[in-house]
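*Asks:* Coordinates in query.csv, CSV, C-alpha atoms, are listed below.
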chain,number,residue,atom,x,y,z
A,16,GLU,CA,-31.6,-23.8,-8.6
A,17,LEU,CA,-28.4,-22.2,-9.8
A,18,MET,CA,-30.3,-19.1,-10.7
A,19,ARG,CA,-31.8,-19.0,-7.2
A,20,LEU,CA,-28.4,-19.5,-5.6
A,21,ALA,CA,-26.9,-16.7,-7.8
A,22,GLU,CA,-29.6,-14.3,-6.7
A,23,ALA,CA,-29.3,-15.3,-3.0
A,24,TYR,CA,-25.5,-14.8,-3.0
A,25,GLY,CA,-25.5,-11.7,-5.2
A,26,LYS,CA,-23.4,-13.5,-7.8
A,27,GLU,CA,-23.5,-14.2,-11.6
A,28,LEU,CA,-24.7,-17.6,-12.8
A,29,SER,CA,-21.3,-18.0,-14.5
A,30,ASP,CA,-19.7,-17.9,-11.0
A,31,PHE,CA,-21.2,-21.3,-10.4
A,32,VAL,CA,-20.5,-23.0,-13.7
A,33,ARG,CA,-17.2,-21.6,-14.8
A,34,SER,CA,-14.0,-22.6,-13.0
A,35,ARG,CA,-12.4,-19.6,-11.2
A,36,PRO,CA,-8.6,-19.1,-10.9
A,37,GLU,CA,-7.4,-20.6,-7.7
A,38,ILE,CA,-5.5,-18.3,-5.4
A,39,GLY,CA,-4.0,-18.5,-2.0
A,40,GLU,CA,-5.0,-16.6,1.1
A,41,PHE,CA,-6.0,-13.0,0.3
A,42,GLN,CA,-5.8,-11.3,3.6
A,43,VAL,CA,-4.8,-7.7,4.2
A,44,GLN,CA,-3.6,-6.6,7.6
A,45,PHE,CA,-3.8,-3.2,9.1
A,46,ARG,CA,-0.4,-1.7,9.8
A,47,SER,CA,-1.5,-0.8,13.4
A,48,ALA,CA,-4.5,-0.2,15.6
A,49,LEU,CA,-4.3,3.6,15.3
A,50,SER,CA,-7.6,5.4,16.0
A,51,ARG,CA,-9.8,2.8,14.3
A,52,THR,CA,-13.3,1.7,15.2
A,53,ALA,CA,-15.1,-1.6,14.5
A,54,ALA,CA,-17.3,0.3,12.0
A,55,ASP,CA,-14.1,1.5,10.2
A,56,ASP,CA,-12.9,-2.1,10.0
A,57,GLU,CA,-16.2,-3.3,8.6
A,58,ARG,CA,-16.3,-0.6,5.9
A,59,VAL,CA,-12.7,-1.0,4.7
A,60,ALA,CA,-13.3,-4.8,4.7
A,61,ALA,CA,-15.8,-4.3,1.9
A,62,SER,CA,-13.1,-2.5,-0.1
A,63,ILE,CA,-10.6,-5.3,0.5
A,64,GLU,CA,-13.2,-7.9,-0.6
A,65,LEU,CA,-13.9,-5.9,-3.8
A,66,LEU,CA,-10.1,-5.6,-4.5
A,67,GLN,CA,-9.9,-9.4,-4.2
A,68,GLU,CA,-12.8,-9.9,-6.6
A,69,LEU,CA,-11.4,-7.5,-9.2
A,70,CYS,CA,-7.9,-9.0,-9.1
A,71,VAL,CA,-9.4,-12.5,-9.6
A,72,ASN,CA,-11.6,-11.2,-12.4
A,73,TYR,CA,-8.5,-9.7,-14.0
A,74,LEU,CA,-6.6,-13.0,-13.9
A,75,GLU,CA,-9.7,-14.8,-15.2
A,76,LEU,CA,-10.0,-12.5,-18.2
A,77,GLU,CA,-6.3,-13.0,-18.9
A,78,GLN,CA,-6.8,-16.8,-18.9
A,79,ILE,CA,-9.9,-16.6,-21.1
A,80,MET,CA,-8.0,-14.5,-23.7
A,81,ASN,CA,-4.7,-16.3,-23.1
A,82,LYS,CA,-3.0,-13.0,-22.5
A,83,PRO,CA,-1.0,-13.2,-19.2
A,84,LEU,CA,0.2,-10.1,-17.5
A,85,VAL,CA,3.9,-9.4,-18.1
A,86,GLN,CA,5.5,-8.9,-14.7
A,87,ASN,CA,8.8,-7.0,-14.5
A,88,TYR,CA,9.4,-7.5,-10.8
A,89,PRO,CA,12.8,-6.6,-9.2
A,90,PRO,CA,14.1,-8.8,-6.3
A,91,VAL,CA,12.7,-7.8,-2.9
A,92,TYR,CA,14.8,-5.0,-1.6
A,93,ARG,CA,17.1,-5.6,1.5
A,94,SER,CA,18.3,-2.5,3.3
A,95,ASP,CA,21.3,-4.2,4.9
A,96,GLY,CA,21.0,-2.2,8.1
A,97,ARG,CA,21.2,1.2,6.5
A,98,ARG,CA,19.3,4.2,7.9
A,99,ILE,CA,15.8,4.5,6.7
A,100,GLU,CA,16.4,7.8,4.8
A,101,GLN,CA,19.5,6.5,3.1
A,102,ALA,CA,18.0,3.1,2.2
A,103,ALA,CA,14.8,4.7,0.9
A,104,GLU,CA,16.7,7.2,-1.3
A,105,GLY,CA,19.0,4.5,-2.6
A,106,LEU,CA,16.0,2.3,-3.6
A,107,ALA,CA,14.2,5.3,-5.2
A,108,ILE,CA,17.3,6.1,-7.3
A,109,ALA,CA,17.7,2.4,-8.3
A,110,GLU,CA,14.1,2.1,-9.4
A,111,ARG,CA,14.2,5.3,-11.3
A,112,ASN,CA,17.2,4.0,-13.2
A,113,ARG,CA,15.7,0.5,-13.7
A,114,LEU,CA,12.5,2.1,-15.2
A,115,GLY,CA,14.4,4.6,-17.3
A,116,LEU,CA,13.0,7.7,-15.5
A,117,GLY,CA,16.2,9.6,-14.8
A,118,ASP,CA,15.9,12.7,-12.5
A,119,GLY,CA,12.8,14.3,-14.2
A,120,PRO,CA,9.2,14.2,-13.1
A,121,ILE,CA,7.3,11.0,-13.5
A,122,PRO,CA,4.6,11.7,-16.1
A,123,ILE,CA,1.8,9.1,-15.3
A,124,LEU,CA,2.8,6.9,-12.4
A,125,ARG,CA,-0.1,4.5,-12.8
A,126,ASP,CA,0.8,3.7,-16.4
A,127,ILE,CA,4.4,3.0,-15.5
A,128,LEU,CA,3.5,0.7,-12.6
A,129,GLU,CA,0.8,-1.2,-14.5
A,130,LYS,CA,2.6,-1.5,-17.9
A,131,ASP,CA,6.3,-1.5,-17.0
A,132,VAL,CA,6.2,-3.3,-13.7
A,133,GLY,CA,3.0,-5.4,-14.1
A,134,LEU,CA,1.0,-4.4,-10.9
A,135,ARG,CA,-2.8,-4.7,-10.7
A,136,ILE,CA,-4.0,-1.2,-9.7
A,137,PHE,CA,-7.6,-0.2,-9.0
A,138,TYR,CA,-9.1,3.0,-7.7
A,139,LEU,CA,-11.8,2.3,-5.2
A,140,ARG,CA,-13.9,4.1,-2.6
A,141,VAL,CA,-12.1,3.4,0.7
A,142,GLU,CA,-14.0,4.9,3.6
A,143,PRO,CA,-13.7,6.7,5.9
A,144,SER,CA,-11.5,8.6,3.4
A,145,ASP,CA,-9.8,10.6,6.1
A,146,LYS,CA,-8.2,7.5,7.6
A,147,PHE,CA,-7.5,5.1,4.7
A,148,SER,CA,-5.3,6.0,1.7
A,149,GLU,CA,-4.4,2.7,0.0
A,150,ILE,CA,-4.5,-1.1,0.3
A,151,TYR,CA,-1.6,-3.3,-0.8
A,152,THR,CA,-1.3,-7.0,-0.9
A,153,PHE,CA,0.7,-9.7,-2.7
A,154,GLU,CA,-0.4,-13.1,-3.7
A,155,PRO,CA,1.9,-15.5,-5.7
A,156,VAL,CA,-0.6,-16.2,-8.5
A,157,LEU,CA,-2.1,-12.6,-8.8
A,158,GLY,CA,1.2,-10.8,-8.0
A,159,GLY,CA,1.2,-7.3,-6.6
A,160,CYS,CA,-2.3,-5.8,-6.1
A,161,ILE,CA,-3.1,-2.2,-5.1
A,162,ALA,CA,-6.2,-0.2,-4.4
A,163,ILE,CA,-5.9,3.6,-4.2
A,164,ASN,CA,-8.6,5.7,-2.5
A,165,ILE,CA,-10.4,7.3,-5.4
A,166,LEU,CA,-11.9,9.9,-3.0
A,167,HIS,CA,-8.6,11.7,-2.6
A,168,ASN,CA,-7.2,14.3,-5.0
A,169,VAL,CA,-4.7,13.5,-7.8
A,170,GLU,CA,-1.6,14.6,-5.9
A,171,ARG,CA,-2.5,12.5,-2.9
A,172,CYS,CA,-3.4,9.5,-5.1
A,173,ARG,CA,0.1,9.7,-6.7
A,174,TRP,CA,1.7,9.8,-3.3
A,175,SER,CA,-0.3,6.8,-2.1
A,176,LEU,CA,0.6,4.9,-5.2
A,177,ALA,CA,4.3,5.6,-4.7
A,178,HIS,CA,3.9,4.7,-1.0
A,179,ALA,CA,2.2,1.3,-1.9
A,180,TYR,CA,5.0,0.7,-4.5
A,181,ALA,CA,7.5,1.0,-1.7
A,182,HIS,CA,5.7,-1.8,0.2
A,183,PHE,CA,5.8,-3.9,-2.9
A,184,LEU,CA,9.5,-3.4,-3.3
A,185,ALA,CA,10.7,-3.8,0.2
A,186,HIS,CA,7.8,-5.6,2.2
A,187,ARG,CA,6.4,-7.6,-0.6
A,188,SER,CA,4.8,-10.4,1.4
A,189,LYS,CA,3.4,-8.2,4.1
A,190,PRO,CA,-0.1,-6.9,3.0
A,191,VAL,CA,-1.1,-3.6,4.6
A,192,VAL,CA,-3.9,-1.0,4.7
A,193,SER,CA,-2.3,2.4,5.2
A,194,ILE,CA,-3.9,4.5,7.8
A,195,GLU,CA,-3.5,8.3,8.1
A,196,ASP,CA,-2.6,9.3,11.7
A,197,GLU,CA,-0.2,12.1,12.2
A,198,TYR,CA,-0.4,11.9,16.0
A,199,GLN,CA,1.1,8.5,16.4
A,200,ARG,CA,4.6,7.2,15.7
A,201,LYS,CA,4.6,5.2,12.5
A,202,PRO,CA,6.3,1.8,12.4
A,203,GLU,CA,9.6,1.6,10.5
A,204,SER,CA,8.0,0.1,7.4
A,205,GLU,CA,5.6,3.0,7.1
A,206,ARG,CA,8.4,5.6,7.6
A,207,PHE,CA,10.4,3.8,4.9
A,208,ALA,CA,7.5,3.9,2.5
A,209,ASP,CA,6.9,7.6,3.2
A,210,SER,CA,10.6,8.4,2.5
A,211,PHE,CA,10.6,6.3,-0.6
A,212,ALA,CA,7.6,8.1,-2.0
A,213,ARG,CA,9.3,11.5,-1.3
A,214,TYR,CA,12.5,10.5,-3.0
A,215,PHE,CA,10.8,8.7,-5.9
A,216,LEU,CA,8.5,11.5,-6.8
A,217,MET,CA,10.9,14.3,-6.0
A,218,PRO,CA,14.5,13.2,-6.8
A,219,THR,CA,17.2,15.2,-5.1
A,220,ASN,CA,19.3,15.9,-8.2
A,221,GLY,CA,16.3,16.9,-10.4
A,222,ILE,CA,14.8,19.1,-7.7
A,223,THR,CA,18.1,20.8,-7.0
A,224,GLN,CA,18.8,21.6,-10.7
A,225,ARG,CA,15.3,22.9,-11.3
A,226,PHE,CA,15.2,25.0,-8.2
A,227,ASN,CA,18.6,26.6,-8.9
A,228,ALA,CA,17.5,27.3,-12.5
A,229,ILE,CA,14.5,29.2,-11.2
A,230,TYR,CA,16.6,31.3,-8.9
A,231,GLN,CA,19.2,32.1,-11.5
A,232,ALA,CA,16.6,33.2,-14.0
A,233,ASN,CA,14.8,35.5,-11.6
A,234,GLY,CA,17.2,36.3,-8.9
A,235,LYS,CA,14.6,35.1,-6.3
A,236,THR,CA,12.2,32.3,-5.7
A,237,THR,CA,8.5,33.1,-5.0
A,238,PRO,CA,5.6,31.1,-3.6
A,239,GLY,CA,4.3,31.1,-7.2
A,240,ASP,CA,7.5,29.4,-8.3
A,241,LEU,CA,6.9,26.7,-5.6
A,242,VAL,CA,3.4,26.1,-6.8
A,243,LYS,CA,4.7,25.6,-10.4
A,244,LEU,CA,7.4,23.3,-9.2
A,245,ALA,CA,4.9,21.2,-7.3
A,246,ASN,CA,2.7,21.0,-10.4
A,247,TYR,CA,5.7,20.1,-12.5
A,248,TYR,CA,6.5,17.1,-10.3
A,249,GLY,CA,2.9,16.1,-9.8
A,250,VAL,CA,2.9,16.5,-6.0
A,251,SER,CA,1.1,18.7,-3.5
A,252,VAL,CA,2.5,22.1,-2.7
A,253,GLU,CA,2.9,21.1,0.9
A,254,ALA,CA,4.9,18.0,-0.1
A,255,MET,CA,7.2,20.1,-2.3
A,256,VAL,CA,7.8,22.8,0.3
A,257,LEU,CA,8.6,20.3,3.0
A,258,ARG,CA,10.9,18.5,0.6
A,259,LEU,CA,12.7,21.8,-0.1
A,260,GLU,CA,13.0,22.5,3.6
A,261,ASP,CA,14.6,19.1,4.1
A,262,MET,CA,17.1,19.8,1.4
A,263,ARG,CA,17.7,23.3,3.0
A,264,LEU,CA,16.9,25.0,-0.3
A,265,VAL,CA,14.3,27.2,1.5
A,266,PRO,CA,14.1,28.4,5.1
A,267,GLY,CA,12.9,25.9,7.7
A,268,GLY,CA,9.3,26.3,8.7
A,269,LEU,CA,8.4,28.0,5.4
A,270,TRP,CA,5.2,25.9,4.9
A,271,GLU,CA,3.9,26.8,8.3
A,272,ARG,CA,4.6,30.5,7.7
A,273,LEU,CA,2.8,30.4,4.4
A,274,LYS,CA,-0.3,28.9,6.0
A,275,GLU,CA,-0.2,31.5,8.8
A,276,ARG,CA,-0.2,34.2,6.1
A,277,GLY,CA,-3.3,32.7,4.5
A,278,PHE,CA,-1.6,31.4,1.4
A,279,LYS,CA,-4.3,29.5,-0.6
A,280,VAL,CA,-2.9,26.9,-3.0
A,281,HIS,CA,-6.0,26.5,-5.2
A,282,GLU,CA,-6.3,30.2,-5.8
A,283,ALA,CA,-2.6,30.3,-6.7
A,284,GLN,CA,-3.0,27.4,-9.1
A,285,ALA,CA,-6.0,29.1,-10.7
A,286,GLN,CA,-4.2,32.5,-11.1
A,287,LEU,CA,-1.1,30.7,-12.6
A,288,ARG,CA,-3.4,28.8,-15.0
A,289,LEU,CA,-1.6,25.5,-14.4
A,290,GLU,CA,-2.7,22.5,-16.3
A,291,PRO,CA,-4.2,19.7,-14.2
A,292,ILE,CA,-1.8,16.8,-13.4
A,293,LEU,CA,-2.2,14.0,-15.8
A,294,GLU,CA,-2.9,10.9,-13.7
A,295,PRO,CA,-5.9,8.6,-14.6
A,296,LYS,CA,-8.2,7.8,-11.6
A,297,ASP,CA,-10.4,5.4,-13.5
A,298,GLN,CA,-11.7,2.7,-11.3
A,299,LEU,CA,-10.5,-0.1,-13.6
A,300,PRO,CA,-7.2,-0.5,-15.5
A,301,GLU,CA,-7.4,0.2,-19.2
A,302,ARG,CA,-6.0,-3.3,-20.0
A,303,TYR,CA,-8.7,-4.9,-17.7
A,304,ILE,CA,-11.5,-3.2,-19.7
A,305,ASP,CA,-9.9,-4.1,-23.0
A,306,LEU,CA,-9.7,-7.8,-22.0
A,307,ALA,CA,-13.3,-7.8,-20.8
A,308,VAL,CA,-14.6,-6.3,-24.1
A,309,GLN,CA,-12.4,-8.6,-26.2
A,310,ALA,CA,-13.8,-11.6,-24.3
A,311,TYR,CA,-17.3,-10.3,-25.0
A,312,GLU,CA,-16.6,-9.7,-28.7
A,313,VAL,CA,-15.4,-13.2,-29.3
A,314,GLY,CA,-18.3,-14.7,-27.4
A,315,GLU,CA,-16.4,-16.0,-24.4
A,316,ILE,CA,-18.6,-14.0,-21.9
A,317,SER,CA,-22.1,-12.8,-22.1
A,318,GLU,CA,-23.4,-9.2,-22.1
A,319,GLY,CA,-24.4,-9.7,-18.4
A,320,GLU,CA,-21.0,-11.0,-17.5
A,321,LEU,CA,-19.4,-8.1,-19.3
A,322,ALA,CA,-21.4,-5.7,-17.1
A,323,HIS,CA,-20.4,-7.8,-14.1
A,324,TYR,CA,-16.7,-7.5,-14.9
A,325,LEU,CA,-17.0,-3.7,-15.6
A,326,LEU,CA,-19.0,-3.1,-12.4
A,327,THR,CA,-21.8,-1.4,-14.3
A,328,ASP,CA,-25.2,-2.1,-15.8
A,329,ILE,CA,-25.8,-3.8,-19.2
A,330,LEU,CA,-26.6,-0.6,-21.0
A,331,THR,CA,-23.4,1.1,-19.9
A,332,ALA,CA,-21.3,-2.0,-20.6
A,333,ARG,CA,-22.8,-2.1,-24.1
A,334,THR,CA,-21.8,1.6,-24.6
A,335,ILE,CA,-18.2,0.9,-23.5
A,336,ALA,CA,-17.9,-2.0,-25.8
A,337,GLU,CA,-19.2,0.1,-28.8
A,338,GLU,CA,-16.8,2.9,-28.0
A,339,LEU,CA,-13.9,0.5,-28.0
A,340,ARG,CA,-15.1,-1.1,-31.2
A,341,GLN,CA,-15.1,2.3,-32.9
A,342,ARG,CA,-11.6,3.0,-31.8
A,343,ALA,CA,-10.3,-0.4,-32.9
A,344,PRO,CA,-9.2,0.7,-36.5
A,345,LEU,CA,-7.1,3.5,-34.9
A,346,LYS,CA,-5.6,1.1,-32.4
A,347,ASP,CA,-4.8,-1.3,-35.2
A,348,THR,CA,-2.8,1.5,-36.9
A,349,PHE,CA,-1.0,2.2,-33.6
A,350,ASN,CA,0.0,-1.5,-33.3
A,351,GLN,CA,1.1,-1.9,-36.9
A,352,ASP,CA,4.8,-2.7,-37.7
A,353,ILE,CA,6.3,0.6,-39.0
A,354,MET,CA,8.3,-1.4,-41.6
A,355,GLU,CA,5.0,-2.2,-43.3
A,356,PHE,CA,4.5,1.5,-44.0
A,357,ALA,CA,7.7,1.6,-46.0
A,358,GLU,CA,6.5,-1.5,-48.1
A,359,ALA,CA,3.1,0.0,-48.8
Would you put the structure from the file into structure tokens?
*Replies:*
Amino acid sequence: ELMRLAEAYGKELSDFVRSRPEIGEFQVQFRSALSRTAADDERVAASIELLQELCVNYLELEQIMNKPLVQNYPPVYRSDGRRIEQAAEGLAIAERNRLGLGDGPIPILRDILEKDVGLRIFYLRVEPSDKFSEIYTFEPVLGGCIAINILHNVERCRWSLAHAYAHFLAHRSKPVVSIEDEYQRKPESERFADSFARYFLMPTNGITQRFNAIYQANGKTTPGDLVKLANYYGVSVEAMVLRLEDMRLVPGGLWERLKERGFKVHEAQAQLRLEPILEPKDQLPERYIDLAVQAYEVGEISEGELAHYLLTDILTARTIAEELRQRAPLKDTFNQDIMEFAEA
């Protein structure tokens, strides 16, 4: 009977016989009703449901292995009535200092937010991709949970991640699905999140120093220099140029004039031979996969359950487990106390 129920509901048998972590209401609200259809709502609802399942799976794996997620959460930010831009930049500076990032580029944002803050971050297909960029929610037991649209390019994913982080910092208990709609006025919370992402990824002091150094070295600043600067900070060229316009380091309207002249970003990046931005877009967090494989190795979950946790088939799950097993000796060396090397 249990097997029939599992098949009927599309679940694993273990879902009926193993107690699942109990969480509160996991509901994500749209930030507004901008240019959405009922079909859009139905499609994104599937992504919200998958995010919930993955977050509960993550917590369950932690409980099975007795390895809770370390959460380094700051208090919820209060703007104290300051203007949006001023408040967003102040929070961006404070978070950069708290996380030890200084004024330089953020290397791998996902790693920092997962490992140093303790957020649960997944990269999922959220369709239609031209409307939905990220999903954010907070549940007391699970903590902060984020889904980034894997269909977007790396630069946009980084921006969406910073944007979602702003909601976690300032609007923690207000879940949201961010909708792309440039023709409507965004609510204050969204404008705050956009501003935070801009200042967090492109800090004023660091950008100013880097831009001035380029100019002093060459006596001018070229579009190629702007492409390199954007790559250095892990943002799109458009975002970088607009940021420089706001800072009045370049003429206003420069981005529009570059587009009118047919400036092609991808061709420029190829000619400059720029290295791809390092930002993992794997569907599941590395720690999540490690916990699932560890639970399988010690016999806490079956091979079928491992495949279920990893959202794949049994053969692929077996391959993933074998690859991690082969890397285990190297990881053991990485985790060894360095004082033991001196005693050897």
*Asks:* Determine, for each residue of stretch 276-309 of chain A having at least one atom at most 12 Å from an atom of stretch 156-164 of chain A, the closest pair of atoms and their separation in Å to one decimal, counting only C-alpha atoms; order by chain and ascending number, as a Markdown table.
*Replies:*
| residue | atom | partner | partner_atom | distance |
| --- | --- | --- | --- | --- |
| A:Pro295 | CA | A:Ile163 | CA | 11.5 |
| A:Lys296 | CA | A:Ile163 | CA | 8.8 |
| A:Asp297 | CA | A:Ile163 | CA | 10.5 |
| A:Gln298 | CA | A:Ile163 | CA | 9.2 |
| A:Leu299 | CA | A:Ala162 | CA | 10.2 |
| A:Pro300 | CA | A:Ala162 | CA | 11.1 |
*Asks:* Write out, as a Markdown table, each residue of stretch 202-299 of chain A that has an atom at most 7 Å from stretch 90-109 of chain A, together with the closest pair of atoms and their distance in Å to one decimal, counting only C-alpha atoms, rows going by chain and rising number.
*Replies:*
| residue | atom | partner | partner_atom | distance |
| --- | --- | --- | --- | --- |
| A:Phe207 | CA | A:Ile99 | CA | 5.7 |
| A:Ser210 | CA | A:Ala103 | CA | 5.8 |
| A:Phe211 | CA | A:Ala103 | CA | 4.7 |
| A:Tyr214 | CA | A:Glu104 | CA | 5.6 |
| A:Phe215 | CA | A:Ala107 | CA | 4.9 |
*Asks:* Within 10 Å of stretch 54-66 of chain A, which residues of stretch 137-214 of chain A come that close, and what is the closest atom pair and distance in Å for each? Count all atoms listed in the file and give it as a Markdown table.
*Replies:*
| residue | atom | partner | partner_atom | distance |
| --- | --- | --- | --- | --- |
| A:Phe137 | CA | A:Leu66 | CA | 7.5 |
| A:Tyr138 | CA | A:Leu66 | CA | 9.2 |
| A:Leu139 | CA | A:Ser62 | CA | 7.1 |
| A:Arg140 | CA | A:Ser62 | CA | 7.1 |
| A:Val141 | CA | A:Val59 | CA | 6.0 |
| A:Glu142 | CA | A:Val59 | CA | 6.1 |
| A:Pro143 | CA | A:Asp55 | CA | 6.8 |
| A:Ser144 | CA | A:Val59 | CA | 9.8 |
| A:Lys146 | CA | A:Asp55 | CA | 8.8 |
| A:Phe147 | CA | A:Val59 | CA | 8.0 |
| A:Ile150 | CA | A:Ile63 | CA | 7.4 |
| A:Tyr151 | CA | A:Ile63 | CA | 9.3 |
| A:Thr152 | CA | A:Ile63 | CA | 9.6 |
| A:Cys160 | CA | A:Leu66 | CA | 8.0 |
| A:Ile161 | CA | A:Leu66 | CA | 7.8 |
| A:Ala162 | CA | A:Leu66 | CA | 6.7 |
| A:Asn164 | CA | A:Ser62 | CA | 9.7 |
| A:Val192 | CA | A:Val59 | CA | 8.8 |
*Asks:* Given the choices A:Asp131, A:Val252, A:Arg225, A:Glu318, which gets closest to A:Ala336 if the distance is worked out from only C-alpha atoms?
*Replies:* A:Glu318
*Asks:* Which residue gives the smallest distance to A:Leu114 among A:Glu338, A:Glu205, A:Asp126, A:Glu253, with only C-alpha atoms counted?
*Replies:*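 Looking only at the distances to A:Leu114, the closest residue turns out to be A:Asp126.
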